[in-house]
Amino acid sequence: TYGGKIQREVEQAGCRWTTASFDKLLHLTRNPFEMAAVLRAWAKSARQFWRICKQYRPTHIHITNMTYFLYVWPVVAWLSRPVIFSLPVPPDTDLAPFKQRLSNFIWRRGVQRVCDLIVCNSQYTLSQLLEVGVETKKARVIYNSCPERAVPQPSRAPRVGPVRFNIVFMG
């Protein structure tokens, strides 16, 4: 459903692309039928990703969030390719006790073991990563930055008065 703009850009660059389905959000539930459906969706996604890796033979795998990591974890754990995990959102550190232990386990036993490099976008994100037990030797901070515009664009945005107290909200 998503990624139409990216697909067009990839096609314009003359590259191929494919997709894997992520039919169901991974979650824990006490309903055994729902949990079975979640596990089936997880297995389906992993099989599709495995087929894609066999077909494309990637030199590197770049994972952009925890949800995608969870879907492909069974596959990337067995591949002999460098795995880079971009961490745009810090790991949760204030979950309920059982969920926090599970989350910390996934970060330490999953992400830390499987990924060759974990890229954080801030020192805060790195500190949260350390708080859940991930070692620093695999983590790096690369700050996000907006590109500079080559030519300033005209704007109808109101100007703020430098001698007055101003509050600006961007949402």
# chains A, B, ... in the order shown; residues from 1 in each chain; ligands from 1
$ select_by_dssp --residues "chain A" --states "alpha helix (DSSP H)" --output "PyMOL selection string"
chain A and resi 4-12+32-56+66-76+97-105+112-114+123-131
$ closest_residue --among "A:Leu95, A:Val134, A:Ala20, A:Leu129" --to "A:Arg108" --atoms "only C-alpha atoms"
A:Val134
$ atom_distance --atom1 "atom CA of A:Ile167" --atom2 "atom CA of A:Pro88"
26.9 Å
$ select_by_dssp --residues "stretch 8-155 of chain A" --states "strand (DSSP E or B)" --output "ChimeraX atom specification"
/A:61-63,83-87,117-120,139-141
$ atom_distance --atom1 "atom CA of A:Phe22" --atom2 "atom CA of A:Arg113"
23.2 Å
$ residues_around --residues "A:Trp73" --least-positions-apart "5" --cutoff "10 Å" --atoms "only C-alpha atoms" --output "ChimeraX atom specification"
/A:42,46,66-68,78,106,110-111,114-115
$ closest_residue --among "A:Leu25, A:Ile84, A:Met170, A:Ala37" --to "A:Thr59" --atoms "only C-alpha atoms"
A:Ile84
$ closest_residue --among "A:Cys53, A:Leu26, A:Ala157, A:Leu126" --to "A:Tyr143" --atoms "only C-alpha atoms"
A:Leu126
$ residues_around --residues "A:Val83" --least-positions-apart "5" --cutoff "7 Å" --atoms "only C-alpha atoms" --output "list in words"
His60, Ile61, His62, Cys115, Asp116 and Leu117 of chain A
$ closest_residue --among "A:Arg8, A:Ala150, A:Gln112, A:Arg156" --to "A:Thr136" --atoms "only C-alpha atoms"
A:Gln112
$ residues_around --residues "A:Leu28" --least-positions-apart "3" --cutoff "12 Å" --atoms "only C-alpha atoms" --output "list in words"
Lys24, Leu25, Asn31, Pro32, Phe33, Glu34, Met35, Ala36, Ala37, Val38, Leu39, Phe98, Lys99, Leu102 and Ser103 of chain A
$ write_last_selection --atoms "N, CA, C and O atoms" --output "compact mmCIF listing (two decimals), in the first residue's frame"
# COMPACT_ATOMS: atom_id res chain seq x y z
N LYS A 24 -0.16 -8.64 9.13
CA LYS A 24 -0.72 -8.46 10.47
C LYS A 24 0.34 -7.86 11.38
O LYS A 24 1.48 -8.32 11.39
N LEU A 25 -0.04 -6.85 12.13
CA LEU A 25 0.89 -6.25 13.08
C LEU A 25 1.26 -7.28 14.14
O LEU A 25 0.38 -7.91 14.73
N ASN A 31 -5.80 -14.51 23.00
CA ASN A 31 -6.71 -15.27 22.15
C ASN A 31 -5.87 -16.22 21.29
O ASN A 31 -5.09 -15.77 20.44
N PRO A 32 -6.01 -17.53 21.47
CA PRO A 32 -5.15 -18.46 20.73
C PRO A 32 -5.35 -18.40 19.21
O PRO A 32 -4.39 -18.59 18.46
N PHE A 33 -6.57 -18.12 18.75
CA PHE A 33 -6.81 -18.03 17.31
C PHE A 33 -6.13 -16.79 16.72
O PHE A 33 -5.53 -16.84 15.65
N GLU A 34 -6.23 -15.68 17.45
CA GLU A 34 -5.56 -14.45 17.02
C GLU A 34 -4.05 -14.62 17.04
O GLU A 34 -3.35 -14.21 16.12
N MET A 35 -3.52 -15.27 18.09
CA MET A 35 -2.08 -15.49 18.17
C MET A 35 -1.61 -16.39 17.04
O MET A 35 -0.54 -16.18 16.47
N ALA A 36 -2.40 -17.40 16.69
CA ALA A 36 -2.04 -18.28 15.57
C ALA A 36 -2.02 -17.49 14.27
O ALA A 36 -1.13 -17.69 13.43
N ALA A 37 -2.98 -16.57 14.09
CA ALA A 37 -3.01 -15.74 12.87
C ALA A 37 -1.79 -14.83 12.82
O ALA A 37 -1.19 -14.64 11.75
N VAL A 38 -1.39 -14.28 13.95
CA VAL A 38 -0.19 -13.43 14.00
C VAL A 38 1.04 -14.24 13.62
O VAL A 38 1.88 -13.80 12.81
N LEU A 39 1.18 -15.44 14.17
CA LEU A 39 2.33 -16.28 13.87
C LEU A 39 2.36 -16.73 12.41
O LEU A 39 3.43 -16.79 11.80
N PHE A 98 6.58 -7.51 32.27
CA PHE A 98 6.76 -8.64 31.34
C PHE A 98 7.15 -8.13 29.95
O PHE A 98 8.09 -8.64 29.33
N LYS A 99 6.42 -7.12 29.47
CA LYS A 99 6.73 -6.58 28.14
C LYS A 99 8.11 -5.95 28.09
O LYS A 99 8.80 -6.04 27.08
N LEU A 102 10.62 -8.76 27.80
CA LEU A 102 10.57 -9.29 26.44
C LEU A 102 11.26 -8.33 25.47
O LEU A 102 12.06 -8.74 24.63
N SER A 103 10.96 -7.04 25.59
CA SER A 103 11.57 -6.03 24.71
C SER A 103 13.09 -6.03 24.88
O SER A 103 13.84 -6.03 23.89
$ atom_distance --atom1 "atom CA of A:Ile118" --atom2 "atom CA of A:Leu87"
6.8 Å
$ closest_residue --among "A:Asn144, A:Ser122, A:Gln153, A:Thr18" --to "A:Gly4" --atoms "only C-alpha atoms"
A:Thr18
$ closest_residue --among "A:Arg159, A:Thr125, A:Arg109, A:Leu70" --to "A:Pro90" --atoms "only C-alpha atoms"
A:Thr125
$ residues_around --residues "A:Gly133" --least-positions-apart "3" --cutoff "9 Å" --atoms "only C-alpha atoms" --output "number ranges by chain"
A: 104-105, 107-108, 128-130
